[in-house]
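Notes for the one structure printed next.
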Amino acid sequence: MRFRLRQMEVFRAVMLTGSINGAAKLLFISQPAVSRIVSHTEHTLGLALFNRIKGKLVPTPEGDALFREVDELYQQALRVDDFARGLAQGPSGTLNIASSPCLSRGLIPQAITRFVWRYPNIRVNYHTTLLNSMAQEVLSNQVDLAISVLPLAHPNLTMQPFAEGRMVCVVPFGHELAQLATVSIADLARYTLIVHHPTIPFGQLVSAAFRKAGVTLESRIDIHQTDVACSLVRSGAGIAMVDQFTVEGIAWTDLQVLPLADEIRLVPSIVRSVFDTRKTHADKFIELLLESVADRQNGLQTATRPSAGKPGN
C-alpha cells in the first residue's frame, strides 16, 4: 500500500485540527513525528496535500477530496472496532420469538429467564400469537422462531416436538367431580361446560374427543383463551376443559385441576422456516428451552436466577 493506515490516521488528524500541533495532541505523538509522516505521505503519493500559508496548513483541493475518502474509511473502521468489542463482551443483537398464549404462563418465561441471564447482551422481543397467524410470522421473518402448543401443517415449516401435555378439567374447589380419580367425557357432559370455540384448534380437539366418546357436546360458553375459561370457572359459570400449561402457570388456589380419563394429548413444538439459515440466537434459545423442559420433567424448580449458566457466559 502506498497510503498506509497510519498515514491516513495522521492525515485525518491534521485535517480535523488544522495544524501539526493539534494533530500531535490528538494522537498523543510528537510534532516532529506528525510533520515527518505528512511529508512522507505527500512524497509517496506524489501529491501536495497542504499549502503552507503564513505558518498554517491549508488543504489543497486534492487534500480535501482525499479527506472525504479517508474519513469514510475511518468511520467504517470505528464500526469494525465497536463490533470487535462487542464480540469480546459476548453475543449481542435481538432474538425475536413468539409462542402460543397458553405457553406464556410458565414454560416460555422460564426459558427466556435462562436466556437473558446466559446472554445479557442479547435483547429479547417476545409476544404471543395464535396458531393461525404463526406460520406467516415465521415465514415472513417477523420472528426467528415460534413455539406452538400444537404442530402446524405447512410444507415450508419444520416442527421439532419438545414436550408433551394434556387437556385437563378445571372445576371450583370442592366440586363433586373432584371426588373422582379421573373424569370422563360423559361425566363432563352432565355440567355446564366452558370450552374453546370450535373454530380454533383447542375447540376442534375437544369436539373430536366428544365425538369419539359418542357424547353430544353442548357448551354454554365458548372462549378463545384458557385463562378466560379459568376465570369463568372461578366465578361459578361452569366447568372447563383447558390445557395443562396455563393452569400450571397460574396458581389459583380456588380451582382444582382434574385428569381426564379420555386422553387429549398436546405436543408443543418449535416452529422454524425450512429456509432458515439457523440463526445462532435462535439455536441458543432452543438449547435453554430444552433445559427448562428437562428440569420440569425432573421436578426441579426454576430459580429466579437459573443455575444454567452465569451471566455473561
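By convention in this document, the chains of the C-alpha cells carry letters A, B, ... by their order, each chain's residues are numbered from 1, and ligands are numbered from 1 in the order they are shown.
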Residue contacts of region 162-177 of chain A (10 Å, only C-alpha atoms) excluding same-chain residues fewer than 6 positions away, as a PDB file with N, CA, C and O atoms, in the first residue's frame:
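What landed in selection26.pdb:
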```pdb
ATOM      1  N   ILE A 147     -42.949 -20.963  19.139  1.00  0.00           N
ATOM      2  CA  ILE A 147     -43.207 -22.145  19.952  1.00  0.00           C
ATOM      3  C   ILE A 147     -44.711 -22.372  19.957  1.00  0.00           C
ATOM      4  O   ILE A 147     -45.476 -21.566  20.498  1.00  0.00           O
ATOM      5  N   VAL A 149     -48.174 -24.712  20.702  1.00  0.00           N
ATOM      6  CA  VAL A 149     -48.664 -25.754  21.604  1.00  0.00           C
ATOM      7  C   VAL A 149     -49.080 -27.003  20.839  1.00  0.00           C
ATOM      8  O   VAL A 149     -49.163 -28.090  21.408  1.00  0.00           O
ATOM      9  N   LEU A 150     -49.297 -26.855  19.537  1.00  0.00           N
ATOM     10  CA  LEU A 150     -49.648 -27.981  18.666  1.00  0.00           C
ATOM     11  C   LEU A 150     -48.838 -27.880  17.377  1.00  0.00           C
ATOM     12  O   LEU A 150     -48.515 -26.766  16.932  1.00  0.00           O
ATOM     13  N   VAL A 183     -61.808 -38.036  35.217  1.00  0.00           N
ATOM     14  CA  VAL A 183     -63.109 -37.544  34.762  1.00  0.00           C
ATOM     15  C   VAL A 183     -63.295 -37.946  33.304  1.00  0.00           C
ATOM     16  O   VAL A 183     -62.423 -37.687  32.458  1.00  0.00           O
ATOM     17  N   SER A 184     -64.428 -38.572  33.001  1.00  0.00           N
ATOM     18  CA  SER A 184     -64.696 -38.994  31.629  1.00  0.00           C
ATOM     19  C   SER A 184     -65.459 -37.901  30.881  1.00  0.00           C
ATOM     20  O   SER A 184     -66.000 -36.965  31.476  1.00  0.00           O
ATOM     21  N   ILE A 185     -65.509 -38.052  29.559  1.00  0.00           N
ATOM     22  CA  ILE A 185     -66.279 -37.126  28.741  1.00  0.00           C
ATOM     23  C   ILE A 185     -67.744 -37.164  29.160  1.00  0.00           C
ATOM     24  O   ILE A 185     -68.411 -36.124  29.250  1.00  0.00           O
ATOM     25  N   ASP A 187     -68.906 -37.765  32.087  1.00  0.00           N
ATOM     26  CA  ASP A 187     -69.028 -37.027  33.350  1.00  0.00           C
ATOM     27  C   ASP A 187     -69.150 -35.528  33.087  1.00  0.00           C
ATOM     28  O   ASP A 187     -69.964 -34.826  33.697  1.00  0.00           O
ATOM     29  N   LEU A 188     -68.319 -35.030  32.182  1.00  0.00           N
ATOM     30  CA  LEU A 188     -68.317 -33.596  31.885  1.00  0.00           C
ATOM     31  C   LEU A 188     -69.647 -33.134  31.300  1.00  0.00           C
ATOM     32  O   LEU A 188     -70.109 -32.027  31.582  1.00  0.00           O
ATOM     33  N   TYR A 191     -72.591 -31.318  33.193  1.00  0.00           N
ATOM     34  CA  TYR A 191     -72.454 -30.000  33.812  1.00  0.00           C
ATOM     35  C   TYR A 191     -72.383 -28.904  32.740  1.00  0.00           C
ATOM     36  O   TYR A 191     -72.174 -29.180  31.552  1.00  0.00           O
ATOM     37  N   ILE A 194     -67.635 -24.997  29.708  1.00  0.00           N
ATOM     38  CA  ILE A 194     -66.932 -23.868  29.097  1.00  0.00           C
ATOM     39  C   ILE A 194     -65.804 -24.477  28.267  1.00  0.00           C
ATOM     40  O   ILE A 194     -64.928 -25.162  28.806  1.00  0.00           O
ATOM     41  N   PHE A 202     -57.876 -25.861  19.825  1.00  0.00           N
ATOM     42  CA  PHE A 202     -58.281 -26.473  21.088  1.00  0.00           C
ATOM     43  C   PHE A 202     -59.742 -26.903  21.032  1.00  0.00           C
ATOM     44  O   PHE A 202     -60.110 -27.982  21.513  1.00  0.00           O
ATOM     45  N   LEU A 205     -60.065 -30.071  19.052  1.00  0.00           N
ATOM     46  CA  LEU A 205     -59.633 -31.237  19.828  1.00  0.00           C
ATOM     47  C   LEU A 205     -60.739 -31.717  20.760  1.00  0.00           C
ATOM     48  O   LEU A 205     -61.007 -32.923  20.877  1.00  0.00           O
ATOM     49  N   VAL A 206     -61.371 -30.770  21.434  1.00  0.00           N
ATOM     50  CA  VAL A 206     -62.438 -31.119  22.370  1.00  0.00           C
ATOM     51  C   VAL A 206     -63.629 -31.721  21.617  1.00  0.00           C
ATOM     52  O   VAL A 206     -64.198 -32.748  22.033  1.00  0.00           O
ATOM     53  N   ALA A 229     -61.259 -18.971  30.449  1.00  0.00           N
ATOM     54  CA  ALA A 229     -62.068 -20.106  30.896  1.00  0.00           C
ATOM     55  C   ALA A 229     -61.895 -20.318  32.392  1.00  0.00           C
ATOM     56  O   ALA A 229     -62.868 -20.546  33.124  1.00  0.00           O
ATOM     57  N   CYS A 230     -60.649 -20.241  32.869  1.00  0.00           N
ATOM     58  CA  CYS A 230     -60.392 -20.430  34.300  1.00  0.00           C
ATOM     59  C   CYS A 230     -61.061 -19.339  35.131  1.00  0.00           C
ATOM     60  O   CYS A 230     -61.604 -19.608  36.213  1.00  0.00           O
ATOM     61  N   LEU A 232     -63.768 -17.759  34.380  1.00  0.00           N
ATOM     62  CA  LEU A 232     -65.203 -18.041  34.386  1.00  0.00           C
ATOM     63  C   LEU A 232     -65.546 -19.161  35.368  1.00  0.00           C
ATOM     64  O   LEU A 232     -66.567 -19.105  36.060  1.00  0.00           O
ATOM     65  N   VAL A 233     -64.680 -20.175  35.434  1.00  0.00           N
ATOM     66  CA  VAL A 233     -64.895 -21.257  36.403  1.00  0.00           C
ATOM     67  C   VAL A 233     -64.828 -20.707  37.825  1.00  0.00           C
ATOM     68  O   VAL A 233     -65.648 -21.042  38.690  1.00  0.00           O
ATOM     69  N   ARG A 234     -63.905 -19.833  38.083  1.00  0.00           N
ATOM     70  CA  ARG A 234     -63.764 -19.232  39.414  1.00  0.00           C
ATOM     71  C   ARG A 234     -65.000 -18.430  39.787  1.00  0.00           C
ATOM     72  O   ARG A 234     -65.363 -18.329  40.968  1.00  0.00           O
ATOM     73  N   SER A 235     -65.649 -17.866  38.760  1.00  0.00           N
ATOM     74  CA  SER A 235     -66.847 -17.061  39.015  1.00  0.00           C
ATOM     75  C   SER A 235     -68.106 -17.901  39.160  1.00  0.00           C
ATOM     76  O   SER A 235     -69.183 -17.367  39.428  1.00  0.00           O
ATOM     77  N   GLY A 236     -67.978 -19.221  38.919  1.00  0.00           N
ATOM     78  CA  GLY A 236     -69.134 -20.098  39.068  1.00  0.00           C
ATOM     79  C   GLY A 236     -69.945 -20.286  37.817  1.00  0.00           C
ATOM     80  O   GLY A 236     -71.087 -20.753  37.872  1.00  0.00           O
ATOM     81  N   ALA A 237     -69.356 -19.942  36.637  1.00  0.00           N
ATOM     82  CA  ALA A 237     -70.112 -20.042  35.390  1.00  0.00           C
ATOM     83  C   ALA A 237     -70.213 -21.467  34.871  1.00  0.00           C
ATOM     84  O   ALA A 237     -71.046 -21.758  34.005  1.00  0.00           O
ATOM     85  N   GLY A 238     -69.371 -22.380  35.369  1.00  0.00           N
ATOM     86  CA  GLY A 238     -69.403 -23.760  34.906  1.00  0.00           C
ATOM     87  C   GLY A 238     -68.056 -24.417  35.145  1.00  0.00           C
ATOM     88  O   GLY A 238     -67.244 -23.953  35.950  1.00  0.00           O
ATOM     89  N   ILE A 239     -67.815 -25.527  34.434  1.00  0.00           N
ATOM     90  CA  ILE A 239     -66.519 -26.205  34.488  1.00  0.00           C
ATOM     91  C   ILE A 239     -65.902 -26.133  33.098  1.00  0.00           C
ATOM     92  O   ILE A 239     -66.608 -25.882  32.109  1.00  0.00           O
ATOM     93  N   ALA A 240     -64.606 -26.330  33.006  1.00  0.00           N
ATOM     94  CA  ALA A 240     -63.942 -26.104  31.723  1.00  0.00           C
ATOM     95  C   ALA A 240     -62.975 -27.222  31.387  1.00  0.00           C
ATOM     96  O   ALA A 240     -62.407 -27.861  32.266  1.00  0.00           O
ATOM     97  N   MET A 241     -62.796 -27.412  30.075  1.00  0.00           N
ATOM     98  CA  MET A 241     -61.732 -28.260  29.552  1.00  0.00           C
ATOM     99  C   MET A 241     -60.659 -27.332  28.993  1.00  0.00           C
ATOM    100  O   MET A 241     -60.930 -26.540  28.082  1.00  0.00           O
ATOM    101  N   VAL A 242     -59.456 -27.416  29.550  1.00  0.00           N
ATOM    102  CA  VAL A 242     -58.389 -26.482  29.179  1.00  0.00           C
ATOM    103  C   VAL A 242     -57.070 -27.226  29.061  1.00  0.00           C
ATOM    104  O   VAL A 242     -56.968 -28.403  29.403  1.00  0.00           O
ATOM    105  N   ASP A 243     -56.036 -26.508  28.612  1.00  0.00           N
ATOM    106  CA  ASP A 243     -54.713 -27.104  28.523  1.00  0.00           C
ATOM    107  C   ASP A 243     -54.004 -27.039  29.872  1.00  0.00           C
ATOM    108  O   ASP A 243     -54.231 -26.130  30.670  1.00  0.00           O
ATOM    109  N   GLN A 244     -53.133 -27.992  30.129  1.00  0.00           N
ATOM    110  CA  GLN A 244     -52.454 -28.064  31.418  1.00  0.00           C
ATOM    111  C   GLN A 244     -51.418 -26.958  31.606  1.00  0.00           C
ATOM    112  O   GLN A 244     -51.101 -26.576  32.727  1.00  0.00           O
ATOM    113  N   PHE A 245     -50.880 -26.411  30.500  1.00  0.00           N
ATOM    114  CA  PHE A 245     -49.797 -25.446  30.613  1.00  0.00           C
ATOM    115  C   PHE A 245     -50.258 -24.139  31.257  1.00  0.00           C
ATOM    116  O   PHE A 245     -49.541 -23.544  32.058  1.00  0.00           O
ATOM    117  N   VAL A 247     -52.873 -23.740  33.388  1.00  0.00           N
ATOM    118  CA  VAL A 247     -53.205 -23.907  34.802  1.00  0.00           C
ATOM    119  C   VAL A 247     -51.964 -24.164  35.642  1.00  0.00           C
ATOM    120  O   VAL A 247     -51.924 -23.826  36.831  1.00  0.00           O
ATOM    121  N   TRP A 252     -54.002 -20.701  41.020  1.00  0.00           N
ATOM    122  CA  TRP A 252     -55.347 -20.389  41.504  1.00  0.00           C
ATOM    123  C   TRP A 252     -55.700 -21.396  42.602  1.00  0.00           C
ATOM    124  O   TRP A 252     -55.971 -22.564  42.327  1.00  0.00           O
ATOM    125  N   THR A 253     -55.728 -20.935  43.816  1.00  0.00           N
ATOM    126  CA  THR A 253     -55.984 -21.854  44.933  1.00  0.00           C
ATOM    127  C   THR A 253     -57.449 -22.249  45.044  1.00  0.00           C
ATOM    128  O   THR A 253     -57.777 -23.214  45.746  1.00  0.00           O
ATOM    129  N   ASP A 254     -58.329 -21.504  44.369  1.00  0.00           N
ATOM    130  CA  ASP A 254     -59.750 -21.827  44.458  1.00  0.00           C
ATOM    131  C   ASP A 254     -60.219 -22.697  43.291  1.00  0.00           C
ATOM    132  O   ASP A 254     -61.414 -22.878  43.085  1.00  0.00           O
ATOM    133  N   LEU A 255     -59.273 -23.248  42.525  1.00  0.00           N
ATOM    134  CA  LEU A 255     -59.611 -24.164  41.439  1.00  0.00           C
ATOM    135  C   LEU A 255     -58.939 -25.511  41.670  1.00  0.00           C
ATOM    136  O   LEU A 255     -57.882 -25.596  42.284  1.00  0.00           O
ATOM    137  N   GLN A 256     -59.572 -26.555  41.160  1.00  0.00           N
ATOM    138  CA  GLN A 256     -58.966 -27.880  41.171  1.00  0.00           C
ATOM    139  C   GLN A 256     -58.815 -28.369  39.739  1.00  0.00           C
ATOM    140  O   GLN A 256     -59.720 -28.187  38.904  1.00  0.00           O
ATOM    141  N   VAL A 257     -57.677 -28.978  39.475  1.00  0.00           N
ATOM    142  CA  VAL A 257     -57.378 -29.499  38.142  1.00  0.00           C
ATOM    143  C   VAL A 257     -57.510 -31.010  38.181  1.00  0.00           C
ATOM    144  O   VAL A 257     -56.843 -31.682  38.968  1.00  0.00           O
ATOM    145  N   LEU A 258     -58.358 -31.548  37.315  1.00  0.00           N
ATOM    146  CA  LEU A 258     -58.653 -32.972  37.324  1.00  0.00           C
ATOM    147  C   LEU A 258     -58.188 -33.627  36.024  1.00  0.00           C
ATOM    148  O   LEU A 258     -58.397 -33.083  34.932  1.00  0.00           O
ATOM    149  N   PRO A 259     -57.567 -34.802  36.103  1.00  0.00           N
ATOM    150  CA  PRO A 259     -57.144 -35.503  34.884  1.00  0.00           C
ATOM    151  C   PRO A 259     -58.342 -36.084  34.144  1.00  0.00           C
ATOM    152  O   PRO A 259     -59.353 -36.466  34.757  1.00  0.00           O
ATOM    153  N   LEU A 260     -58.225 -36.151  32.838  1.00  0.00           N
ATOM    154  CA  LEU A 260     -59.281 -36.714  32.008  1.00  0.00           C
ATOM    155  C   LEU A 260     -59.002 -38.187  31.740  1.00  0.00           C
ATOM    156  O   LEU A 260     -57.874 -38.585  31.458  1.00  0.00           O
ATOM    157  N   ALA A 261     -60.047 -38.995  31.839  1.00  0.00           N
ATOM    158  CA  ALA A 261     -59.913 -40.411  31.519  1.00  0.00           C
ATOM    159  C   ALA A 261     -59.693 -40.595  30.018  1.00  0.00           C
ATOM    160  O   ALA A 261     -58.966 -41.497  29.587  1.00  0.00           O
ATOM    161  N   ASP A 262     -60.312 -39.738  29.227  1.00  0.00           N
ATOM    162  CA  ASP A 262     -60.171 -39.774  27.776  1.00  0.00           C
ATOM    163  C   ASP A 262     -59.052 -38.796  27.397  1.00  0.00           C
ATOM    164  O   ASP A 262     -59.270 -37.587  27.344  1.00  0.00           O
ATOM    165  N   GLU A 263     -57.859 -39.343  27.152  1.00  0.00           N
ATOM    166  CA  GLU A 263     -56.679 -38.501  26.978  1.00  0.00           C
ATOM    167  C   GLU A 263     -56.751 -37.666  25.709  1.00  0.00           C
ATOM    168  O   GLU A 263     -57.035 -38.164  24.623  1.00  0.00           O
ATOM    169  N   ILE A 264     -56.486 -36.374  25.856  1.00  0.00           N
ATOM    170  CA  ILE A 264     -56.366 -35.458  24.723  1.00  0.00           C
ATOM    171  C   ILE A 264     -54.960 -34.873  24.804  1.00  0.00           C
ATOM    172  O   ILE A 264     -54.675 -34.011  25.632  1.00  0.00           O
ATOM    173  N   ARG A 265     -54.062 -35.354  23.948  1.00  0.00           N
ATOM    174  CA  ARG A 265     -52.650 -35.004  24.034  1.00  0.00           C
ATOM    175  C   ARG A 265     -52.346 -33.683  23.335  1.00  0.00           C
ATOM    176  O   ARG A 265     -52.951 -33.333  22.318  1.00  0.00           O
ATOM    177  N   LEU A 266     -51.378 -32.977  23.886  1.00  0.00           N
ATOM    178  CA  LEU A 266     -50.850 -31.755  23.292  1.00  0.00           C
ATOM    179  C   LEU A 266     -49.356 -31.966  23.059  1.00  0.00           C
ATOM    180  O   LEU A 266     -48.674 -32.555  23.899  1.00  0.00           O
ATOM    181  N   VAL A 267     -48.868 -31.509  21.922  1.00  0.00           N
ATOM    182  CA  VAL A 267     -47.458 -31.713  21.579  1.00  0.00           C
ATOM    183  C   VAL A 267     -46.821 -30.361  21.229  1.00  0.00           C
ATOM    184  O   VAL A 267     -46.766 -29.977  20.050  1.00  0.00           O
ATOM    185  N   PRO A 268     -46.337 -29.614  22.208  1.00  0.00           N
ATOM    186  CA  PRO A 268     -45.652 -28.353  21.913  1.00  0.00           C
ATOM    187  C   PRO A 268     -44.463 -28.582  20.985  1.00  0.00           C
ATOM    188  O   PRO A 268     -43.712 -29.549  21.145  1.00  0.00           O
ATOM    189  N   SER A 269     -44.306 -27.665  20.023  1.00  0.00           N
ATOM    190  CA  SER A 269     -43.268 -27.840  19.008  1.00  0.00           C
ATOM    191  C   SER A 269     -42.565 -26.519  18.722  1.00  0.00           C
ATOM    192  O   SER A 269     -43.167 -25.448  18.806  1.00  0.00           O
ATOM    193  N   ILE A 270     -41.286 -26.624  18.374  1.00  0.00           N
ATOM    194  CA  ILE A 270     -40.514 -25.470  17.921  1.00  0.00           C
ATOM    195  C   ILE A 270     -40.752 -25.327  16.421  1.00  0.00           C
ATOM    196  O   ILE A 270     -40.554 -26.275  15.659  1.00  0.00           O
ATOM    197  N   ILE A 286     -33.211 -22.302  21.879  1.00  0.00           N
ATOM    198  CA  ILE A 286     -33.731 -23.664  21.854  1.00  0.00           C
ATOM    199  C   ILE A 286     -32.990 -24.538  22.865  1.00  0.00           C
ATOM    200  O   ILE A 286     -33.599 -25.350  23.571  1.00  0.00           O
ATOM    201  N   LEU A 289     -34.377 -23.708  26.200  1.00  0.00           N
ATOM    202  CA  LEU A 289     -35.756 -24.181  26.302  1.00  0.00           C
ATOM    203  C   LEU A 289     -35.782 -25.664  26.632  1.00  0.00           C
ATOM    204  O   LEU A 289     -36.550 -26.114  27.498  1.00  0.00           O
ATOM    205  N   LEU A 290     -34.948 -26.427  25.959  1.00  0.00           N
ATOM    206  CA  LEU A 290     -34.891 -27.871  26.216  1.00  0.00           C
ATOM    207  C   LEU A 290     -34.391 -28.154  27.630  1.00  0.00           C
ATOM    208  O   LEU A 290     -34.840 -29.108  28.275  1.00  0.00           O
ATOM    209  N   VAL A 293     -37.352 -27.647  29.929  1.00  0.00           N
ATOM    210  CA  VAL A 293     -38.286 -28.779  29.859  1.00  0.00           C
ATOM    211  C   VAL A 293     -37.737 -29.958  30.651  1.00  0.00           C
ATOM    212  O   VAL A 293     -38.475 -30.627  31.385  1.00  0.00           O
ATOM    213  N   ALA A 294     -36.434 -30.217  30.516  1.00  0.00           N
ATOM    214  CA  ALA A 294     -35.822 -31.329  31.250  1.00  0.00           C
ATOM    215  C   ALA A 294     -35.938 -31.102  32.754  1.00  0.00           C
ATOM    216  O   ALA A 294     -36.226 -32.041  33.513  1.00  0.00           O
ATOM    217  N   GLN A 297     -39.453 -31.830  33.879  1.00  0.00           N
ATOM    218  CA  GLN A 297     -39.709 -33.268  33.908  1.00  0.00           C
ATOM    219  C   GLN A 297     -39.047 -33.932  35.110  1.00  0.00           C
ATOM    220  O   GLN A 297     -39.529 -34.931  35.629  1.00  0.00           O
TER     221      GLN A 297
END
```
List the spatial neighbours of region 133-137 of chain A as a PyMOL selection string - criterion: any atom at most 12 Å away, only C-alpha atoms, same-chain residues fewer than 2 positions off excluded. chain A and resi 96-101+127-131+139-159+200+269-274
Give the answer as one residue: which of A:Gln7, A:Ser292, A:Gln204, A:Thr216 has the shortest atom-to-atom distance to His40 (chain A), using only C-alpha atoms?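 Distance minimum relative to His40 (chain A) lands on A:Gln7.
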Measuring atom to atom with only C-alpha atoms, identify which of A:Leu95, A:Leu5, A:Arg114, A:Ser104 is nearest to Asp295 (chain A). A:Arg114
Determine which residues of region 192-288 of chain A receive a DSSP assignment of strand (DSSP E), computed from the backbone, and state them as a PyMOL selection string. chain A and resi 193-196+219-223+239-243+255-258+265-266+269-273
I need the chosen residues saved as a PDB file, in the first residue's frame, with N, CA and C atoms.
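Output saved as selection-v2.pdb:
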```pdb
ATOM      1  N   LEU A 193     -70.742 -26.518  30.535  1.00  0.00           N
ATOM      2  CA  LEU A 193     -69.386 -26.618  30.008  1.00  0.00           C
ATOM      3  C   LEU A 193     -68.902 -25.292  29.413  1.00  0.00           C
ATOM      4  N   ILE A 194     -67.635 -24.997  29.708  1.00  0.00           N
ATOM      5  CA  ILE A 194     -66.932 -23.868  29.097  1.00  0.00           C
ATOM      6  C   ILE A 194     -65.804 -24.477  28.267  1.00  0.00           C
ATOM      7  N   VAL A 195     -65.839 -24.261  26.958  1.00  0.00           N
ATOM      8  CA  VAL A 195     -64.818 -24.861  26.090  1.00  0.00           C
ATOM      9  C   VAL A 195     -64.343 -23.834  25.068  1.00  0.00           C
ATOM     10  N   HIS A 196     -63.228 -24.151  24.423  1.00  0.00           N
ATOM     11  CA  HIS A 196     -62.717 -23.281  23.373  1.00  0.00           C
ATOM     12  C   HIS A 196     -63.654 -23.321  22.156  1.00  0.00           C
ATOM     13  N   SER A 219     -71.825 -26.989  24.732  1.00  0.00           N
ATOM     14  CA  SER A 219     -71.145 -25.953  25.520  1.00  0.00           C
ATOM     15  C   SER A 219     -72.079 -24.769  25.721  1.00  0.00           C
ATOM     16  N   ARG A 220     -71.976 -24.160  26.900  1.00  0.00           N
ATOM     17  CA  ARG A 220     -72.770 -22.970  27.193  1.00  0.00           C
ATOM     18  C   ARG A 220     -71.972 -21.694  26.941  1.00  0.00           C
ATOM     19  N   ILE A 221     -70.662 -21.820  27.083  1.00  0.00           N
ATOM     20  CA  ILE A 221     -69.803 -20.650  26.881  1.00  0.00           C
ATOM     21  C   ILE A 221     -68.601 -21.075  26.045  1.00  0.00           C
ATOM     22  N   ASP A 222     -68.381 -20.384  24.931  1.00  0.00           N
ATOM     23  CA  ASP A 222     -67.210 -20.624  24.089  1.00  0.00           C
ATOM     24  C   ASP A 222     -66.187 -19.508  24.336  1.00  0.00           C
ATOM     25  N   ILE A 223     -64.929 -19.895  24.501  1.00  0.00           N
ATOM     26  CA  ILE A 223     -63.871 -18.919  24.763  1.00  0.00           C
ATOM     27  C   ILE A 223     -62.724 -19.140  23.773  1.00  0.00           C
ATOM     28  N   ILE A 239     -67.815 -25.527  34.434  1.00  0.00           N
ATOM     29  CA  ILE A 239     -66.519 -26.205  34.488  1.00  0.00           C
ATOM     30  C   ILE A 239     -65.902 -26.133  33.098  1.00  0.00           C
ATOM     31  N   ALA A 240     -64.606 -26.330  33.006  1.00  0.00           N
ATOM     32  CA  ALA A 240     -63.942 -26.104  31.723  1.00  0.00           C
ATOM     33  C   ALA A 240     -62.975 -27.222  31.387  1.00  0.00           C
ATOM     34  N   MET A 241     -62.796 -27.412  30.075  1.00  0.00           N
ATOM     35  CA  MET A 241     -61.732 -28.260  29.552  1.00  0.00           C
ATOM     36  C   MET A 241     -60.659 -27.332  28.993  1.00  0.00           C
ATOM     37  N   VAL A 242     -59.456 -27.416  29.550  1.00  0.00           N
ATOM     38  CA  VAL A 242     -58.389 -26.482  29.179  1.00  0.00           C
ATOM     39  C   VAL A 242     -57.070 -27.226  29.061  1.00  0.00           C
ATOM     40  N   ASP A 243     -56.036 -26.508  28.612  1.00  0.00           N
ATOM     41  CA  ASP A 243     -54.713 -27.104  28.523  1.00  0.00           C
ATOM     42  C   ASP A 243     -54.004 -27.039  29.872  1.00  0.00           C
ATOM     43  N   LEU A 255     -59.273 -23.248  42.525  1.00  0.00           N
ATOM     44  CA  LEU A 255     -59.611 -24.164  41.439  1.00  0.00           C
ATOM     45  C   LEU A 255     -58.939 -25.511  41.670  1.00  0.00           C
ATOM     46  N   GLN A 256     -59.572 -26.555  41.160  1.00  0.00           N
ATOM     47  CA  GLN A 256     -58.966 -27.880  41.171  1.00  0.00           C
ATOM     48  C   GLN A 256     -58.815 -28.369  39.739  1.00  0.00           C
ATOM     49  N   VAL A 257     -57.677 -28.978  39.475  1.00  0.00           N
ATOM     50  CA  VAL A 257     -57.378 -29.499  38.142  1.00  0.00           C
ATOM     51  C   VAL A 257     -57.510 -31.010  38.181  1.00  0.00           C
ATOM     52  N   LEU A 258     -58.358 -31.548  37.315  1.00  0.00           N
ATOM     53  CA  LEU A 258     -58.653 -32.972  37.324  1.00  0.00           C
ATOM     54  C   LEU A 258     -58.188 -33.627  36.024  1.00  0.00           C
ATOM     55  N   ARG A 265     -54.062 -35.354  23.948  1.00  0.00           N
ATOM     56  CA  ARG A 265     -52.650 -35.004  24.034  1.00  0.00           C
ATOM     57  C   ARG A 265     -52.346 -33.683  23.335  1.00  0.00           C
ATOM     58  N   LEU A 266     -51.378 -32.977  23.886  1.00  0.00           N
ATOM     59  CA  LEU A 266     -50.850 -31.755  23.292  1.00  0.00           C
ATOM     60  C   LEU A 266     -49.356 -31.966  23.059  1.00  0.00           C
ATOM     61  N   SER A 269     -44.306 -27.665  20.023  1.00  0.00           N
ATOM     62  CA  SER A 269     -43.268 -27.840  19.008  1.00  0.00           C
ATOM     63  C   SER A 269     -42.565 -26.519  18.722  1.00  0.00           C
ATOM     64  N   ILE A 270     -41.286 -26.624  18.374  1.00  0.00           N
ATOM     65  CA  ILE A 270     -40.514 -25.470  17.921  1.00  0.00           C
ATOM     66  C   ILE A 270     -40.752 -25.327  16.421  1.00  0.00           C
ATOM     67  N   VAL A 271     -41.164 -24.146  16.006  1.00  0.00           N
ATOM     68  CA  VAL A 271     -41.539 -23.911  14.616  1.00  0.00           C
ATOM     69  C   VAL A 271     -40.482 -23.025  13.958  1.00  0.00           C
ATOM     70  N   ARG A 272     -39.908 -23.517  12.849  1.00  0.00           N
ATOM     71  CA  ARG A 272     -38.920 -22.728  12.102  1.00  0.00           C
ATOM     72  C   ARG A 272     -39.168 -22.875  10.606  1.00  0.00           C
ATOM     73  N   SER A 273     -38.666 -21.928   9.862  1.00  0.00           N
ATOM     74  CA  SER A 273     -38.805 -21.968   8.409  1.00  0.00           C
ATOM     75  C   SER A 273     -37.793 -22.945   7.817  1.00  0.00           C
TER      76      SER A 273
END
```
Just list the residues in region 11-185 of chain A DSSP gives helix (DSSP H, G or I) on the backbone, as an MDAnalysis selection string. chainID A and resid 11:17 20:27 31:45 61:89 101:105 107:118 131:139 176:179 185
Give me the residues near Thr246 (chain A) as JSON, numbers by chain, where near means some atom within 7 Å (using only C-alpha atoms) and where sequence neighbours in that chain fewer than 2 positions away do not count. {"A": [102, 103, 105, 226, 227, 243, 244, 248, 249, 250]}
Could you check how far CA of Thr192 (chain A) sits from CA of Gly214 (chain A), in Å to one decimal? 18.0 Å
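Distance-wise, CA of Thr44 (chain A) and CA of Val14 (chain A) end up 17.6 Å apart.
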Near Arg36 (chain A), counting only C-alpha atoms, which residues have an atom at most 12 Å away, once you skip same-chain residues fewer than 6 positions from it, shown as a VMD selection string? chain A and resid 7 10 to 11 20 24 29 to 30 42 to 43
CA of Ser39 (chain A) to CA of Val80 (chain A): how many Å, to one decimal? 28.9 Å
Closest to His197 (chain A) among A:Thr182, A:Asn298, A:Gln225, A:Thr60, using only C-alpha atoms? A:Gln225
With distances taken over only C-alpha atoms, which of A:Ala189, A:Ile112, A:Leu47, A:Thr199 is nearest to Glu287 (chain A)? A:Ile112
